[in-house]
$ cat final.tsv   # TSV, C-alpha atoms and all ligand atoms
chain	number	residue	atom	x	y	z
A	1	MET	CA	-10.06	-90.31	-3.30
A	2	VAL	CA	-12.46	-93.15	-2.53
A	3	THR	CA	-11.99	-96.24	-4.71
A	4	ARG	CA	-14.69	-97.68	-6.96
A	5	THR	CA	-14.81	-100.74	-4.71
A	6	GLU	CA	-15.43	-98.52	-1.69
A	7	LEU	CA	-18.15	-96.63	-3.55
A	8	VAL	CA	-19.93	-99.89	-4.31
A	9	ALA	CA	-19.73	-100.89	-0.63
A	10	LEU	CA	-21.17	-97.51	0.39
A	11	ALA	CA	-23.98	-97.83	-2.16
A	12	LEU	CA	-24.75	-101.31	-0.84
A	13	ALA	CA	-25.01	-99.92	2.69
A	14	ALA	CA	-27.14	-96.97	1.53
A	15	ARG	CA	-29.52	-99.42	-0.13
A	16	GLU	CA	-30.47	-100.64	3.35
A	17	HIS	CA	-32.12	-97.25	3.95
A	18	ALA	CA	-34.31	-97.52	0.85
A	19	TYR	CA	-37.91	-96.61	1.55
A	20	ALA	CA	-39.63	-98.83	-0.98
A	21	PRO	CA	-42.82	-100.27	0.57
A	22	TYR	CA	-44.71	-100.07	-2.74
A	23	SER	CA	-42.28	-101.53	-5.27
A	24	ARG	CA	-40.13	-103.44	-2.76
A	25	PHE	CA	-37.31	-102.64	-5.18
A	26	LYS	CA	-34.42	-101.27	-3.12
A	27	VAL	CA	-31.71	-99.15	-4.74
A	28	GLY	CA	-28.59	-97.64	-3.20
A	29	ALA	CA	-26.18	-95.11	-4.67
A	30	ALA	CA	-22.89	-93.51	-3.69
A	31	LEU	CA	-21.11	-90.79	-5.63
A	32	VAL	CA	-17.79	-89.01	-5.34
A	33	THR	CA	-17.25	-85.37	-6.28
A	34	ALA	CA	-14.18	-83.61	-7.69
A	35	SER	CA	-13.18	-82.48	-4.22
A	36	GLY	CA	-13.28	-86.08	-3.00
A	37	ARG	CA	-16.44	-85.83	-0.94
A	38	VAL	CA	-18.80	-88.81	-0.97
A	39	PHE	CA	-22.60	-88.67	-0.89
A	40	THR	CA	-24.95	-91.61	-0.64
A	41	GLY	CA	-28.61	-92.02	-1.53
A	42	CYS	CA	-31.46	-94.49	-1.64
A	43	ASN	CA	-34.82	-94.51	-3.35
A	44	VAL	CA	-37.55	-92.78	-1.36
A	45	GLU	CA	-41.05	-93.76	-2.44
A	46	ASN	CA	-44.35	-92.07	-1.72
A	47	ALA	CA	-47.97	-93.23	-1.38
A	48	SER	CA	-48.58	-90.80	-4.24
A	49	TYR	CA	-46.30	-92.91	-6.43
A	50	SER	CA	-45.11	-90.28	-8.89
A	51	HIS	CA	-43.36	-88.34	-6.13
A	52	THR	CA	-40.83	-91.12	-5.67
A	53	CYS	CA	-37.17	-90.08	-5.84
A	54	CYS	CA	-34.62	-92.54	-7.20
A	55	ALA	CA	-31.46	-93.40	-5.26
A	56	GLU	CA	-29.19	-91.69	-7.80
A	57	ARG	CA	-31.09	-88.41	-7.69
A	58	THR	CA	-31.22	-88.49	-3.90
A	59	ALA	CA	-27.42	-88.70	-3.89
A	60	VAL	CA	-27.01	-85.97	-6.54
A	61	PHE	CA	-29.36	-83.58	-4.76
A	62	LYS	CA	-27.61	-84.20	-1.46
A	63	ALA	CA	-24.26	-83.35	-3.09
A	64	VAL	CA	-25.48	-80.21	-4.88
A	65	SER	CA	-27.31	-78.98	-1.80
A	66	GLU	CA	-24.02	-79.26	0.08
A	67	GLY	CA	-22.19	-77.15	-2.50
A	68	GLU	CA	-20.75	-79.91	-4.73
A	69	ARG	CA	-21.45	-79.56	-8.45
A	70	GLU	CA	-18.87	-81.80	-10.11
A	71	ILE	CA	-19.55	-85.53	-9.99
A	72	VAL	CA	-16.60	-87.79	-10.80
A	73	GLY	CA	-18.28	-91.15	-10.42
A	74	ILE	CA	-21.26	-93.02	-9.00
A	75	ALA	CA	-21.98	-96.57	-7.90
A	76	ILE	CA	-25.51	-97.95	-8.00
A	77	VAL	CA	-26.53	-101.18	-6.28
A	78	THR	CA	-29.65	-103.23	-6.94
A	79	ASP	CA	-30.60	-106.85	-6.37
A	80	THR	CA	-30.95	-107.75	-10.03
A	81	LEU	CA	-29.16	-109.98	-12.48
A	82	PRO	CA	-27.57	-108.28	-14.35
A	83	PRO	CA	-27.17	-105.13	-12.23
A	84	ALA	CA	-29.78	-102.53	-13.21
A	85	SER	CA	-28.79	-99.38	-15.06
A	86	PRO	CA	-30.01	-95.88	-14.09
A	87	CYS	CA	-33.39	-94.67	-15.34
A	88	GLY	CA	-33.67	-91.95	-17.98
A	89	SER	CA	-34.44	-89.15	-15.53
A	90	CYS	CA	-31.41	-90.02	-13.40
A	91	ARG	CA	-29.21	-90.12	-16.50
A	92	GLN	CA	-30.21	-86.55	-17.38
A	93	VAL	CA	-29.72	-85.32	-13.80
A	94	LEU	CA	-26.29	-86.98	-13.65
A	95	HIS	CA	-25.43	-85.42	-17.04
A	96	GLU	CA	-25.96	-81.94	-15.57
A	97	PHE	CA	-23.23	-82.41	-12.96
A	98	GLY	CA	-21.01	-85.13	-14.41
A	99	ALA	CA	-21.37	-85.98	-18.09
A	100	ASP	CA	-17.96	-87.68	-17.99
A	101	ALA	CA	-18.48	-89.41	-14.66
A	102	PHE	CA	-17.91	-93.15	-14.38
A	103	VAL	CA	-20.85	-95.35	-13.46
A	104	VAL	CA	-20.57	-98.69	-11.69
A	105	CYS	CA	-23.79	-100.69	-11.75
A	106	ALA	CA	-23.48	-103.46	-9.18
A	107	ASN	CA	-25.71	-106.02	-7.57
A	108	THR	CA	-25.87	-107.60	-4.15
A	109	GLN	CA	-24.10	-110.72	-5.49
A	110	GLY	CA	-21.02	-108.70	-6.39
A	111	ASP	CA	-21.45	-108.45	-10.16
A	112	GLU	CA	-20.37	-105.14	-11.69
A	113	ARG	CA	-20.85	-103.34	-15.01
A	114	HIS	CA	-18.62	-100.33	-15.63
A	115	SER	CA	-19.69	-97.47	-17.90
A	116	THR	CA	-20.02	-93.67	-18.03
A	117	VAL	CA	-22.85	-91.17	-17.86
A	118	ARG	CA	-22.12	-90.15	-21.45
A	119	ALA	CA	-22.38	-93.75	-22.65
A	120	PHE	CA	-25.73	-94.08	-20.86
A	121	LEU	CA	-26.98	-90.78	-22.29
A	122	PRO	CA	-25.34	-89.93	-25.61
A	123	GLU	CA	-26.24	-86.43	-26.78
A	124	GLY	CA	-27.85	-85.63	-23.43
A	125	PHE	CA	-29.48	-82.23	-23.09
A	126	ASP	CA	-26.59	-79.91	-22.29
A	127	PRO	CA	-26.93	-77.09	-19.73
A	128	GLU	CA	-24.72	-74.95	-21.97
A	129	VAL	CA	-27.46	-74.93	-24.65
A	130	VAL	CA	-29.85	-73.20	-22.26
A	131	LEU	CA	-27.24	-70.90	-20.75
A	132	ALA	CA	-26.12	-69.76	-24.21
A	133	ALA	CA	-29.72	-68.93	-25.18
A	134	ILE	CA	-30.11	-66.91	-21.98
A	135	ARG	CA	-26.85	-65.06	-22.73
A	136	ARG	CA	-28.16	-64.22	-26.21
A	137	GLY	CA	-31.20	-62.71	-24.51
A	138	GLU	CA	-33.69	-64.92	-26.29
A	139	LYS	CA	-37.32	-64.17	-25.40
A	140	GLY	CA	-39.70	-67.00	-24.67
A	201	LIG	N1	-35.34	-96.61	-8.95
A	201	LIG	C1	-34.15	-96.03	-8.57
A	201	LIG	O1	-33.95	-95.74	-7.38
A	201	LIG	N2	-33.24	-95.78	-9.51
A	201	LIG	C2	-33.39	-96.03	-10.84
A	201	LIG	O2	-32.53	-95.67	-11.65
A	201	LIG	C3	-34.58	-96.74	-11.32
A	201	LIG	C4	-35.63	-96.98	-10.32
A	201	LIG	C5	-36.35	-96.87	-7.93
A	201	LIG	C6	-37.60	-96.05	-8.06
A	201	LIG	C7	-38.62	-96.92	-7.36
A	201	LIG	O3	-38.57	-96.65	-5.97
A	201	LIG	C8	-38.12	-98.34	-7.58
A	201	LIG	O4	-36.76	-98.22	-8.01
A	201	LIG	C9	-38.91	-99.11	-8.62
A	201	LIG	O5	-39.01	-98.42	-9.80

$ encode --input "final.tsv" --output "structure tokens" --more "lines below"
Ligand code: THU
Amino acid sequence: MVTRTELVALALAAREHAYAPYSRFKVGAALVTASGRVFTGCNVENASYSHTCCAERTAVFKAVSEGEREIVGIAIVTDTLPPASPCGSCRQVLHEFGADAFVVCANTQGDERHSTVRAFLPEGFDPEVVLAAIRRGEKG
């Protein structure tokens, strides 16, 4: 299994691929899944700004699209002091596939903050709530 230190290094490298001509705010992410596979991501902006995808969600969608649905941990690298924490949308997307995952927020200077998805999103919207309603046959 990749170490947290290695994940941070991979996220730092992924940050170099950030496509951020509008904000100039580069973000890199690297996550590890239960089977030990690693996926990286960067933010990908768009001239139609709202279509931007954050680094964390890029990495999650890469993992899920490759058949991995259980996230064990993620490292996120920015160039801020202190290291930036994931946005609300990314917290919810991470919660879907790894509510108990560890999160390392790091910066390019080597500072790190260690936390978990659950700590970042207490009482996050749980997939089981929706699945249970579907099982009960609730009508919209
Ligand atoms: N961004 C991320 O990649 N992750 C976050 O958690 C917050 C924000 C990106 C989106 C946009 O490209 C830039 O940072 C500035 O908001």

$ closest_atom_pairs --input "final.tsv" --of "chain A" --to "ligand LIG 201 (chain A)" --cutoff "9 Å" --atoms "all atoms listed in the file" --output "CSV"
residue,atom,partner,partner_atom,distance
A:Ala18,CA,A:LIG201,O3,8.1
A:Tyr19,CA,A:LIG201,O3,7.5
A:Ala20,CA,A:LIG201,O3,5.5
A:Pro21,CA,A:LIG201,O3,8.6
A:Tyr22,CA,A:LIG201,O3,7.7
A:Ser23,CA,A:LIG201,C9,5.3
A:Arg24,CA,A:LIG201,C8,7.3
A:Phe25,CA,A:LIG201,C8,5.0
A:Lys26,CA,A:LIG201,O4,6.2
A:Val27,CA,A:LIG201,O1,4.9
A:Gly28,CA,A:LIG201,O1,7.1
A:Ala29,CA,A:LIG201,O1,8.3
A:Gly41,CA,A:LIG201,O1,8.8
A:Cys42,CA,A:LIG201,O1,6.4
A:Asn43,CA,A:LIG201,O1,4.3
A:Val44,CA,A:LIG201,O3,6.1
A:Glu45,CA,A:LIG201,O3,5.2
A:Asn46,CA,A:LIG201,O3,8.5
A:Tyr49,CA,A:LIG201,O3,8.6
A:Thr52,CA,A:LIG201,O3,6.0
A:Cys53,CA,A:LIG201,C6,6.4
A:Cys54,CA,A:LIG201,O1,3.3
A:Ala55,CA,A:LIG201,O1,4.0
A:Glu56,CA,A:LIG201,N2,6.0
A:Arg57,CA,A:LIG201,O1,7.9
A:Thr58,CA,A:LIG201,O1,8.5
A:Ile76,CA,A:LIG201,N2,8.2
A:Thr78,CA,A:LIG201,C1,8.6
A:Ala84,CA,A:LIG201,O2,7.6
A:Ser85,CA,A:LIG201,O2,6.3
A:Pro86,CA,A:LIG201,O2,3.5
A:Cys87,CA,A:LIG201,O2,3.9
A:Gly88,CA,A:LIG201,O2,7.4
A:Ser89,CA,A:LIG201,O2,7.8
A:Cys90,CA,A:LIG201,O2,6.0
A:Arg91,CA,A:LIG201,O2,8.1

$ write_last_selection --input "final.tsv" --atoms "C-alpha atoms" --output "short mmCIF file (atom, residue, chain, number, x, y, z; two decimals), in the frame of the given file"
data_model
loop_
_atom_site.label_atom_id
_atom_site.label_comp_id
_atom_site.auth_asym_id
_atom_site.auth_seq_id
_atom_site.Cartn_x
_atom_site.Cartn_y
_atom_site.Cartn_z
CA ALA A 18 -34.31 -97.52 0.85
CA TYR A 19 -37.91 -96.61 1.55
CA ALA A 20 -39.63 -98.83 -0.98
CA PRO A 21 -42.82 -100.27 0.57
CA TYR A 22 -44.71 -100.07 -2.74
CA SER A 23 -42.28 -101.53 -5.27
CA ARG A 24 -40.13 -103.44 -2.76
CA PHE A 25 -37.31 -102.64 -5.18
CA LYS A 26 -34.42 -101.27 -3.12
CA VAL A 27 -31.71 -99.15 -4.74
CA GLY A 28 -28.59 -97.64 -3.20
CA ALA A 29 -26.18 -95.11 -4.67
CA GLY A 41 -28.61 -92.02 -1.53
CA CYS A 42 -31.46 -94.49 -1.64
CA ASN A 43 -34.82 -94.51 -3.35
CA VAL A 44 -37.55 -92.78 -1.36
CA GLU A 45 -41.05 -93.76 -2.44
CA ASN A 46 -44.35 -92.07 -1.72
CA TYR A 49 -46.30 -92.91 -6.43
CA THR A 52 -40.83 -91.12 -5.67
CA CYS A 53 -37.17 -90.08 -5.84
CA CYS A 54 -34.62 -92.54 -7.20
CA ALA A 55 -31.46 -93.40 -5.26
CA GLU A 56 -29.19 -91.69 -7.80
CA ARG A 57 -31.09 -88.41 -7.69
CA THR A 58 -31.22 -88.49 -3.90
CA ILE A 76 -25.51 -97.95 -8.00
CA THR A 78 -29.65 -103.23 -6.94
CA ALA A 84 -29.78 -102.53 -13.21
CA SER A 85 -28.79 -99.38 -15.06
CA PRO A 86 -30.01 -95.88 -14.09
CA CYS A 87 -33.39 -94.67 -15.34
CA GLY A 88 -33.67 -91.95 -17.98
CA SER A 89 -34.44 -89.15 -15.53
CA CYS A 90 -31.41 -90.02 -13.40
CA ARG A 91 -29.21 -90.12 -16.50
#

$ atom_distance --input "final.tsv" --atom1 "CA of Val104 (chain A)" --atom2 "CA of Pro127 (chain A)"
23.9 Å

$ closest_residue --input "final.tsv" --among "A:Val72, A:Leu94, A:Ala30, A:Leu81" --to "Thr108 (chain A)" --atoms "only C-alpha atoms"
A:Leu81

$ atom_distance --input "final.tsv" --atom1 "CA of Gly98 (chain A)" --atom2 "CA of Ile71 (chain A)"
4.7 Å

$ residues_near_point --input "final.tsv" --point "(-12.1, -89.7, -3.5)" --cutoff "9 Å" --atoms "all atoms listed in the file" --output "MDAnalysis selection string"
chainID A and resid 1:3 32:38 72

$ build_atoms --input "final.tsv" --residues "region 43-54 of chain A" --atoms "all heavy atoms" --output "CSV table (one decimal), in the frame of the given file"
chain,number,residue,atom,x,y,z
A,43,ASN,N,-33.5,-94.9,-2.8
A,43,ASN,CA,-34.8,-94.5,-3.4
A,43,ASN,C,-35.8,-94.2,-2.2
A,43,ASN,O,-35.8,-94.9,-1.2
A,43,ASN,CB,-35.4,-95.5,-4.4
A,43,ASN,CG,-35.4,-96.9,-3.9
A,43,ASN,OD1,-34.6,-97.4,-3.1
A,43,ASN,ND2,-36.3,-97.7,-4.4
A,44,VAL,N,-36.6,-93.2,-2.4
A,44,VAL,CA,-37.6,-92.8,-1.4
A,44,VAL,C,-38.9,-92.7,-2.1
A,44,VAL,O,-39.1,-91.8,-2.9
A,44,VAL,CB,-37.2,-91.4,-0.7
A,44,VAL,CG1,-38.2,-91.0,0.3
A,44,VAL,CG2,-35.8,-91.4,-0.2
A,45,GLU,N,-39.7,-93.7,-1.8
A,45,GLU,CA,-41.0,-93.8,-2.4
A,45,GLU,C,-42.1,-93.0,-1.7
A,45,GLU,O,-41.8,-92.4,-0.6
A,45,GLU,CB,-41.5,-95.2,-2.6
A,45,GLU,CG,-40.5,-96.0,-3.5
A,45,GLU,CD,-40.9,-97.4,-3.8
A,45,GLU,OE1,-41.8,-97.9,-3.2
A,45,GLU,OE2,-40.3,-98.0,-4.7
A,46,ASN,N,-43.3,-92.8,-2.3
A,46,ASN,CA,-44.4,-92.1,-1.7
A,46,ASN,C,-45.7,-92.7,-2.1
A,46,ASN,O,-45.8,-93.3,-3.2
A,46,ASN,CB,-44.3,-90.6,-2.3
A,46,ASN,CG,-45.2,-89.7,-1.5
A,46,ASN,OD1,-46.4,-89.7,-1.7
A,46,ASN,ND2,-44.6,-89.0,-0.5
A,47,ALA,N,-46.6,-92.6,-1.2
A,47,ALA,CA,-48.0,-93.2,-1.4
A,47,ALA,C,-48.6,-92.6,-2.6
A,47,ALA,O,-49.4,-93.3,-3.3
A,47,ALA,CB,-48.9,-93.0,-0.2
A,48,SER,N,-48.2,-91.4,-3.0
A,48,SER,CA,-48.6,-90.8,-4.2
A,48,SER,C,-47.4,-91.1,-5.2
A,48,SER,O,-46.4,-90.4,-5.2
A,48,SER,CB,-48.8,-89.3,-4.1
A,48,SER,OG,-49.2,-88.7,-5.3
A,49,TYR,N,-47.5,-92.3,-5.8
A,49,TYR,CA,-46.3,-92.9,-6.4
A,49,TYR,C,-45.4,-92.0,-7.2
A,49,TYR,O,-44.2,-92.2,-7.2
A,49,TYR,CB,-46.7,-94.1,-7.3
A,49,TYR,CG,-47.4,-95.2,-6.7
A,49,TYR,CD1,-47.8,-96.3,-7.4
A,49,TYR,CD2,-47.6,-95.3,-5.3
A,49,TYR,CE1,-48.5,-97.4,-6.8
A,49,TYR,CE2,-48.2,-96.3,-4.7
A,49,TYR,CZ,-48.6,-97.4,-5.4
A,49,TYR,OH,-49.2,-98.5,-4.8
A,50,SER,N,-45.9,-91.1,-8.0
A,50,SER,CA,-45.1,-90.3,-8.9
A,50,SER,C,-44.1,-89.4,-8.2
A,50,SER,O,-43.2,-88.8,-8.8
A,50,SER,CB,-46.0,-89.5,-9.9
A,50,SER,OG,-46.7,-88.5,-9.1
A,51,HIS,N,-44.3,-89.2,-6.9
A,51,HIS,CA,-43.4,-88.3,-6.1
A,51,HIS,C,-42.1,-89.1,-5.7
A,51,HIS,O,-41.3,-88.5,-5.0
A,51,HIS,CB,-44.1,-87.7,-4.9
A,51,HIS,CG,-45.2,-86.8,-5.4
A,51,HIS,ND1,-45.1,-85.8,-6.2
A,51,HIS,CD2,-46.6,-86.9,-5.1
A,51,HIS,CE1,-46.2,-85.2,-6.4
A,51,HIS,NE2,-47.2,-85.9,-5.8
A,52,THR,N,-42.0,-90.3,-6.0
A,52,THR,CA,-40.8,-91.1,-5.7
A,52,THR,C,-39.5,-90.5,-6.2
A,52,THR,O,-39.5,-89.9,-7.3
A,52,THR,CB,-41.0,-92.5,-6.3
A,52,THR,OG1,-42.0,-93.2,-5.6
A,52,THR,CG2,-39.7,-93.3,-6.2
A,53,CYS,N,-38.5,-90.5,-5.4
A,53,CYS,CA,-37.2,-90.1,-5.8
A,53,CYS,C,-36.2,-91.3,-5.9
A,53,CYS,O,-36.1,-92.0,-4.9
A,53,CYS,CB,-36.6,-89.0,-4.9
A,53,CYS,SG,-35.1,-88.2,-5.6
A,54,CYS,N,-35.6,-91.4,-7.0
A,54,CYS,CA,-34.6,-92.5,-7.2
A,54,CYS,C,-33.4,-92.3,-6.3
A,54,CYS,O,-33.1,-91.2,-5.9
A,54,CYS,CB,-34.2,-92.6,-8.6
A,54,CYS,SG,-35.4,-93.1,-9.8
